[in-house]
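**Q** Structure below; questions to follow.
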Amino acid sequence: MANERLRQAIKSAGLIEEDLAQAVQVDIKTVRRWLSGRVPYGRHRIRIARALGVTERDLWPQVEIPDPAAGGKVELVSAFPHAADAAPTWESLLQDAQEQIWLLDFTLIDILATPGIPDLLAAKAGAGCEVRLLISYATRARLAEDTAIDEPYPDDEPQAVYDIARARGQLEPLLSLPGIEARKFAAMRFNTIIRADEQMLVTLHLWGTPAGQAPLLHLRRADQAGLFAQYEQHYESIWAHASHPIDPEPDLFPPPDANPDYYEGFLFDDAPPDQNP
């Protein structure tokens with residue numbers, strides 16, 4: 001059935017279909033599909049409501065939308081003292097994602113080296129899911145210093161160089177795929193973030209604590225200005241100030257599983273200088 005609520009809201013706002021398409025950054029055909037009755041993705045519903053000065057409930061009363069009056073309190077689904085004990089797992093969230101996958105970690109090597117995950121990310125991007133990947137080019141020691149987010153510098157910690165190099169090798173097949181974008185960042189403070197649509201796992205890294213033993217929060221968006229939105233903005237800010245997209249360099253970063261000896265070289269001082277990521 002046609003969405004007359006949406007049609008009337010566009011008219012009341014003094015706009016036309018083309019104006020809404022531009023405001024939401026979609027094709028005009030998409031807007032017409034919404035007008036014919038298709039329910040937009042969550043991220044689009046938010047943008048449409050803002051552009052028209054109404055609420056999501058005004059336009060799609062049939063959709064289960066969290067009550068904004070509930071605030072950020074209901075956004076904390078679970079809190080775990082140890083990330084390794086978390087449920088749901090990050091794998092299950094990525095499997096279910098339809099619209100957005102955002103990942104941020106020191107290297108993302110634990111995720112990228114998991115069998116099947118690169119293929120999963122490629123498949124999600126091919127289906128129209130937005131995939132963003134943020135990895136650091138700083139050592140853990142440098143992360144404790146007040147360094148500008150976008151200031152590049154060499155990484156002189158061998159294990160960190162090794163982990164980042166392997167992560168780059170895992171990324172190589174993905175970098176040329178439409179819908180996947182990866183950037184490097186350096187920041188004084190950061191948490192591991194795994195976002196899948198309107199859910200998020202945030203690992204709160206503690207000094208001297210292994211990642212699997214650090215506290216973890218499982219969030220689900222329930223408020224446009226709640227806890228989920230704060231971490232969303234945190235990610236967006238790092239993304240905006242990070243380096244330009246990482247370009248493919250297959251000769252420099254071959255597949256790690258097939259070239260383990262090559263990456264061992266990054267652990268030693270005699271590694272070629274131009275191979276420092």
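We name chains A, B, ... following the order of the structure tokens; residues begin at 1 in each chain, and ligands are numbered from 1 as shown.
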Using only C-alpha atoms, determine which residues lie at most 12 Å from A:Ile10, disregarding the query and same-chain residues fewer than 3 positions distant; provide the list as an MDAnalysis selection string.

**A** chainID A and resid 3:7 13:21 23 31:32 34:35 48:54 59

**Q** Hey, can you spit out that residue selection with N, CA and C atoms as a JSON list (two decimals), in the first residue's frame?

**A**
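File produced: selection07.json:
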[["chain", "number", "residue", "atom", "x", "y", "z"],
["A", 3, "ASN", "N", 2.38, 4.82, 0.81],
["A", 3, "ASN", "CA", 2.59, 5.52, 2.08],
["A", 3, "ASN", "C", 2.12, 6.96, 1.94],
["A", 4, "GLU", "N", 0.85, 7.20, 2.21],
["A", 4, "GLU", "CA", 0.29, 8.55, 2.10],
["A", 4, "GLU", "C", 0.82, 9.46, 3.19],
["A", 5, "ARG", "N", 1.18, 8.89, 4.33],
["A", 5, "ARG", "CA", 1.77, 9.69, 5.41],
["A", 5, "ARG", "C", 3.06, 10.35, 4.93],
["A", 6, "LEU", "N", 3.88, 9.56, 4.25],
["A", 6, "LEU", "CA", 5.15, 10.09, 3.74],
["A", 6, "LEU", "C", 4.90, 11.13, 2.65],
["A", 7, "ARG", "N", 3.96, 10.85, 1.77],
["A", 7, "ARG", "CA", 3.66, 11.79, 0.70],
["A", 7, "ARG", "C", 3.18, 13.14, 1.27],
["A", 13, "ALA", "N", 6.27, 19.78, 4.18],
["A", 13, "ALA", "CA", 7.60, 20.36, 4.38],
["A", 13, "ALA", "C", 8.00, 21.27, 3.24],
["A", 14, "GLY", "N", 7.13, 21.40, 2.23],
["A", 14, "GLY", "CA", 7.42, 22.26, 1.09],
["A", 14, "GLY", "C", 8.47, 21.67, 0.16],
["A", 15, "LEU", "N", 8.57, 20.35, 0.15],
["A", 15, "LEU", "CA", 9.58, 19.69, -0.67],
["A", 15, "LEU", "C", 8.92, 18.88, -1.79],
["A", 16, "ILE", "N", 9.75, 18.41, -2.69],
["A", 16, "ILE", "CA", 9.31, 17.47, -3.71],
["A", 16, "ILE", "C", 10.17, 16.21, -3.59],
["A", 17, "GLU", "N", 9.83, 15.20, -4.34],
["A", 17, "GLU", "CA", 10.53, 13.92, -4.22],
["A", 17, "GLU", "C", 12.03, 14.07, -4.43],
["A", 18, "GLU", "N", 12.42, 14.89, -5.39],
["A", 18, "GLU", "CA", 13.84, 15.08, -5.69],
["A", 18, "GLU", "C", 14.57, 15.71, -4.50],
["A", 19, "ASP", "N", 13.89, 16.62, -3.81],
["A", 19, "ASP", "CA", 14.50, 17.26, -2.64],
["A", 19, "ASP", "C", 14.79, 16.24, -1.55],
["A", 20, "LEU", "N", 13.83, 15.34, -1.31],
["A", 20, "LEU", "CA", 14.03, 14.33, -0.27],
["A", 20, "LEU", "C", 15.15, 13.37, -0.67],
["A", 21, "ALA", "N", 15.21, 13.00, -1.93],
["A", 21, "ALA", "CA", 16.27, 12.11, -2.39],
["A", 21, "ALA", "C", 17.64, 12.73, -2.14],
["A", 23, "ALA", "N", 18.34, 15.08, 0.13],
["A", 23, "ALA", "CA", 18.57, 15.22, 1.57],
["A", 23, "ALA", "C", 19.02, 13.90, 2.20],
["A", 31, "VAL", "N", 13.21, 6.82, -3.41],
["A", 31, "VAL", "CA", 12.14, 7.59, -2.78],
["A", 31, "VAL", "C", 10.78, 7.14, -3.29],
["A", 32, "ARG", "N", 10.67, 6.90, -4.57],
["A", 32, "ARG", "CA", 9.39, 6.46, -5.13],
["A", 32, "ARG", "C", 8.99, 5.08, -4.64],
["A", 34, "TRP", "N", 9.71, 4.04, -1.64],
["A", 34, "TRP", "CA", 9.19, 4.31, -0.29],
["A", 34, "TRP", "C", 7.76, 4.82, -0.36],
["A", 35, "LEU", "N", 7.49, 5.70, -1.31],
["A", 35, "LEU", "CA", 6.14, 6.24, -1.45],
["A", 35, "LEU", "C", 5.14, 5.15, -1.85],
["A", 48, "ILE", "N", 15.12, 10.62, 6.84],
["A", 48, "ILE", "CA", 13.87, 11.12, 6.27],
["A", 48, "ILE", "C", 13.11, 11.92, 7.30],
["A", 49, "ALA", "N", 12.99, 11.37, 8.51],
["A", 49, "ALA", "CA", 12.24, 12.05, 9.56],
["A", 49, "ALA", "C", 12.86, 13.41, 9.88],
["A", 50, "ARG", "N", 14.18, 13.45, 9.94],
["A", 50, "ARG", "CA", 14.86, 14.73, 10.21],
["A", 50, "ARG", "C", 14.61, 15.73, 9.10],
["A", 51, "ALA", "N", 14.69, 15.26, 7.86],
["A", 51, "ALA", "CA", 14.52, 16.17, 6.72],
["A", 51, "ALA", "C", 13.11, 16.73, 6.66],
["A", 52, "LEU", "N", 12.12, 15.97, 7.13],
["A", 52, "LEU", "CA", 10.73, 16.39, 7.03],
["A", 52, "LEU", "C", 10.20, 17.00, 8.32],
["A", 53, "GLY", "N", 11.00, 16.98, 9.38],
["A", 53, "GLY", "CA", 10.58, 17.58, 10.64],
["A", 53, "GLY", "C", 9.49, 16.80, 11.35],
["A", 54, "VAL", "N", 9.50, 15.47, 11.20],
["A", 54, "VAL", "CA", 8.53, 14.62, 11.87],
["A", 54, "VAL", "C", 9.28, 13.48, 12.56],
["A", 59, "LEU", "N", 5.54, 8.43, 10.30],
["A", 59, "LEU", "CA", 5.60, 7.94, 8.91],
["A", 59, "LEU", "C", 5.40, 6.44, 8.79]]

**Q** Per residue of stretch 28-131 of chain A within 12 Å of stretch 251-257 of chain A, note the shortest atom pair and the distance in Å to one decimal, counting only C-alpha atoms, and order the rows by chain and increasing residue number, as JSON lines.

**A**
{"residue": "A:Ile109", "atom": "CA", "partner": "A:Pro256", "partner_atom": "CA", "distance": 10.9}
{"residue": "A:Leu112", "atom": "CA", "partner": "A:Pro256", "partner_atom": "CA", "distance": 10.9}
{"residue": "A:Ala113", "atom": "CA", "partner": "A:Asp257", "partner_atom": "CA", "distance": 8.9}
{"residue": "A:Thr114", "atom": "CA", "partner": "A:Asp257", "partner_atom": "CA", "distance": 11.3}
{"residue": "A:Pro115", "atom": "CA", "partner": "A:Asp257", "partner_atom": "CA", "distance": 10.6}
{"residue": "A:Pro118", "atom": "CA", "partner": "A:Pro255", "partner_atom": "CA", "distance": 11.7}

**Q** Hey, could you make a per-residue contact list for stretch 2-106 of chain A against stretch 206-218 of chain A with 12 Å as the cut-off, showing the nearest pair of atoms and its distance in Å to one decimal, counting only C-alpha atoms, sorted by chain and number, as CSV?

**A**
residue,atom,partner,partner_atom,distance
A:Val74,CA,A:His218,CA,11.1
A:Glu75,CA,A:His218,CA,8.4
A:Leu76,CA,A:His218,CA,6.1
A:Val77,CA,A:His218,CA,5.5
A:Ser78,CA,A:His218,CA,5.2
A:Ala79,CA,A:Leu217,CA,4.7
A:Phe80,CA,A:Leu216,CA,5.1
A:Pro81,CA,A:Pro215,CA,4.4
A:His82,CA,A:Gln213,CA,4.4
A:Ala83,CA,A:Gly212,CA,5.0
A:Ala84,CA,A:Gly212,CA,4.7
A:Asp85,CA,A:Gly212,CA,8.2
A:Ala86,CA,A:Leu216,CA,7.2
A:Ala87,CA,A:His218,CA,8.4
A:Pro88,CA,A:His218,CA,8.3
A:Thr89,CA,A:His218,CA,9.9
A:Trp90,CA,A:His218,CA,10.0
A:Leu93,CA,A:His218,CA,10.7
A:Asp105,CA,A:Ala211,CA,10.4
A:Phe106,CA,A:Ala211,CA,10.5

**Q** If you keep C-alpha atoms, can you produce a file of those selected residues as a CSV table (one decimal), in the first residue's frame?

**A**
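Saved the output as part.csv:
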chain,number,residue,atom,x,y,z
A,74,VAL,CA,17.5,0.6,27.5
A,75,GLU,CA,20.3,0.7,25.0
A,76,LEU,CA,22.6,-1.3,27.2
A,77,VAL,CA,21.5,-4.8,26.4
A,78,SER,CA,24.3,-6.5,28.4
A,79,ALA,CA,27.6,-5.7,30.1
A,80,PHE,CA,30.3,-8.4,30.3
A,81,PRO,CA,33.4,-8.2,32.6
A,82,HIS,CA,35.3,-10.1,30.0
A,83,ALA,CA,35.0,-9.7,26.3
A,84,ALA,CA,35.7,-13.4,25.7
A,85,ASP,CA,32.5,-14.2,27.5
A,86,ALA,CA,30.2,-12.0,25.4
A,87,ALA,CA,27.0,-13.2,23.9
A,88,PRO,CA,26.0,-12.6,21.2
A,89,THR,CA,29.3,-13.2,19.5
A,90,TRP,CA,30.6,-10.7,17.0
A,93,LEU,CA,26.2,-9.9,14.6
A,105,ASP,CA,40.5,-2.0,16.4
A,106,PHE,CA,44.3,-1.8,16.8

**Q** Of the candidates A:Ala258, A:Ala225, A:Leu133, A:Ile101, which shows the shortest atom-to-atom distance to A:Leu201, using only C-alpha atoms?

**A**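 Of A:Ala258, A:Ala225, A:Leu133, A:Ile101, the one nearest A:Leu201 is A:Ile101, counting only C-alpha atoms.
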
**Q** So what do you get for atom CA of A:Ile194 versus atom CA of A:Pro178, distance-wise?

**A**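 Here the two named atoms are 20.4 Å from each other.
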
**Q** Can you list, as a ChimeraX atom specification, every protein, DNA or RNA residue that comes within 7 Å of A:Gln100 when you count only C-alpha atoms, leaving out same-chain residues fewer than 4 positions away?

**A** /A:129-131,196-197

**Q** As a PDB file with C-alpha atoms, in the first residue's frame, which residues of stretch 5-114 of chain A does DSSP assign to helix (DSSP H, G or I)?

**A**
ATOM      1  CA  ARG A   5       1.770   9.693   5.409  1.00  0.00           C
ATOM      2  CA  LEU A   6       5.147  10.091   3.738  1.00  0.00           C
ATOM      3  CA  ARG A   7       3.658  11.788   0.697  1.00  0.00           C
ATOM      4  CA  GLN A   8       1.797  14.298   2.863  1.00  0.00           C
ATOM      5  CA  ALA A   9       4.862  14.960   5.035  1.00  0.00           C
ATOM      6  CA  ILE A  10       6.919  15.779   1.935  1.00  0.00           C
ATOM      7  CA  LYS A  11       4.227  18.181   0.778  1.00  0.00           C
ATOM      8  CA  SER A  12       3.851  19.784   4.227  1.00  0.00           C
ATOM      9  CA  GLU A  17      10.525  13.922  -4.217  1.00  0.00           C
ATOM     10  CA  GLU A  18      13.843  15.078  -5.687  1.00  0.00           C
ATOM     11  CA  ASP A  19      14.501  17.264  -2.642  1.00  0.00           C
ATOM     12  CA  LEU A  20      14.030  14.326  -0.271  1.00  0.00           C
ATOM     13  CA  ALA A  21      16.272  12.109  -2.394  1.00  0.00           C
ATOM     14  CA  GLN A  22      19.030  14.707  -2.186  1.00  0.00           C
ATOM     15  CA  ALA A  23      18.569  15.221   1.570  1.00  0.00           C
ATOM     16  CA  VAL A  24      18.767  11.478   2.283  1.00  0.00           C
ATOM     17  CA  ILE A  28      14.915   9.293  -6.777  1.00  0.00           C
ATOM     18  CA  LYS A  29      13.754   5.759  -7.634  1.00  0.00           C
ATOM     19  CA  THR A  30      14.362   4.767  -4.021  1.00  0.00           C
ATOM     20  CA  VAL A  31      12.141   7.594  -2.776  1.00  0.00           C
ATOM     21  CA  ARG A  32       9.390   6.463  -5.133  1.00  0.00           C
ATOM     22  CA  ARG A  33       9.660   2.923  -3.809  1.00  0.00           C
ATOM     23  CA  TRP A  34       9.190   4.313  -0.295  1.00  0.00           C
ATOM     24  CA  LEU A  35       6.141   6.239  -1.454  1.00  0.00           C
ATOM     25  CA  GLY A  42      16.592   2.243   9.749  1.00  0.00           C
ATOM     26  CA  ARG A  43      19.355   4.690   8.850  1.00  0.00           C
ATOM     27  CA  HIS A  44      17.228   6.093   6.042  1.00  0.00           C
ATOM     28  CA  ARG A  45      14.133   6.404   8.235  1.00  0.00           C
ATOM     29  CA  ILE A  46      16.117   8.568  10.640  1.00  0.00           C
ATOM     30  CA  ARG A  47      17.335  10.864   7.850  1.00  0.00           C
ATOM     31  CA  ILE A  48      13.868  11.116   6.266  1.00  0.00           C
ATOM     32  CA  ALA A  49      12.244  12.053   9.564  1.00  0.00           C
ATOM     33  CA  ARG A  50      14.857  14.728  10.215  1.00  0.00           C
ATOM     34  CA  ALA A  51      14.519  16.165   6.719  1.00  0.00           C
ATOM     35  CA  LEU A  52      10.725  16.390   7.026  1.00  0.00           C
ATOM     36  CA  GLU A  56       9.662   7.894  12.412  1.00  0.00           C
ATOM     37  CA  ARG A  57       6.446   6.869  14.160  1.00  0.00           C
ATOM     38  CA  ASP A  58       4.544   9.515  12.204  1.00  0.00           C
ATOM     39  CA  LEU A  59       5.598   7.945   8.915  1.00  0.00           C
ATOM     40  CA  PRO A  68      12.859   7.927  22.373  1.00  0.00           C
ATOM     41  CA  ALA A  69      11.419   8.823  25.778  1.00  0.00           C
ATOM     42  CA  ALA A  70      13.053   5.675  27.128  1.00  0.00           C
ATOM     43  CA  GLY A  71      16.439   7.313  26.630  1.00  0.00           C
ATOM     44  CA  GLY A  72      19.784   5.562  26.572  1.00  0.00           C
ATOM     45  CA  LYS A  73      19.005   3.351  29.593  1.00  0.00           C
ATOM     46  CA  VAL A  74      17.479   0.608  27.467  1.00  0.00           C
ATOM     47  CA  GLU A  75      20.345   0.737  24.953  1.00  0.00           C
ATOM     48  CA  ALA A  83      34.953  -9.683  26.258  1.00  0.00           C
ATOM     49  CA  ALA A  84      35.717 -13.354  25.671  1.00  0.00           C
ATOM     50  CA  ASP A  85      32.503 -14.245  27.539  1.00  0.00           C
ATOM     51  CA  TRP A  90      30.631 -10.666  16.969  1.00  0.00           C
ATOM     52  CA  GLU A  91      30.435 -13.380  14.296  1.00  0.00           C
ATOM     53  CA  SER A  92      26.671 -13.694  14.766  1.00  0.00           C
ATOM     54  CA  LEU A  93      26.178  -9.923  14.557  1.00  0.00           C
ATOM     55  CA  LEU A  94      28.141  -9.718  11.315  1.00  0.00           C
ATOM     56  CA  GLN A  95      26.166 -12.621   9.859  1.00  0.00           C
ATOM     57  CA  ASP A  96      22.880 -10.805  10.567  1.00  0.00           C
ATOM     58  CA  ILE A 109      43.763  -9.107  12.809  1.00  0.00           C
ATOM     59  CA  ASP A 110      41.733 -11.370  15.133  1.00  0.00           C
ATOM     60  CA  ILE A 111      38.614 -10.639  13.073  1.00  0.00           C
ATOM     61  CA  LEU A 112      40.183 -10.583   9.614  1.00  0.00           C
TER      62      LEU A 112
END

**Q** Of the candidates A:Gln98, A:Asp163, A:Pro40, A:Glu264, which one gets nearest to A:Lys124 if we count only C-alpha atoms?

**A** A:Gln98

**Q** Applying 12 Å and only C-alpha atoms, which residues near A:Leu108 remain after dropping the ones on its own chain fewer than 3 positions away? List them as a VMD selection string.

**A** chain A and resid 102 to 105 111 to 114 117 to 118 132 to 137 160 163 to 171 182 to 184 191 to 194 211

**Q** Got a sec to tell me which of stretch 13-84 of chain A DSSP assigns to strand (DSSP E or B), as number ranges by chain?

**A** A: 76-80

**Q** Return the single residue from A:Val202, A:Ala2, A:Phe190, A:Arg195 that is closest to A:Ser237, with distances computed using only C-alpha atoms.

**A** A:Phe190
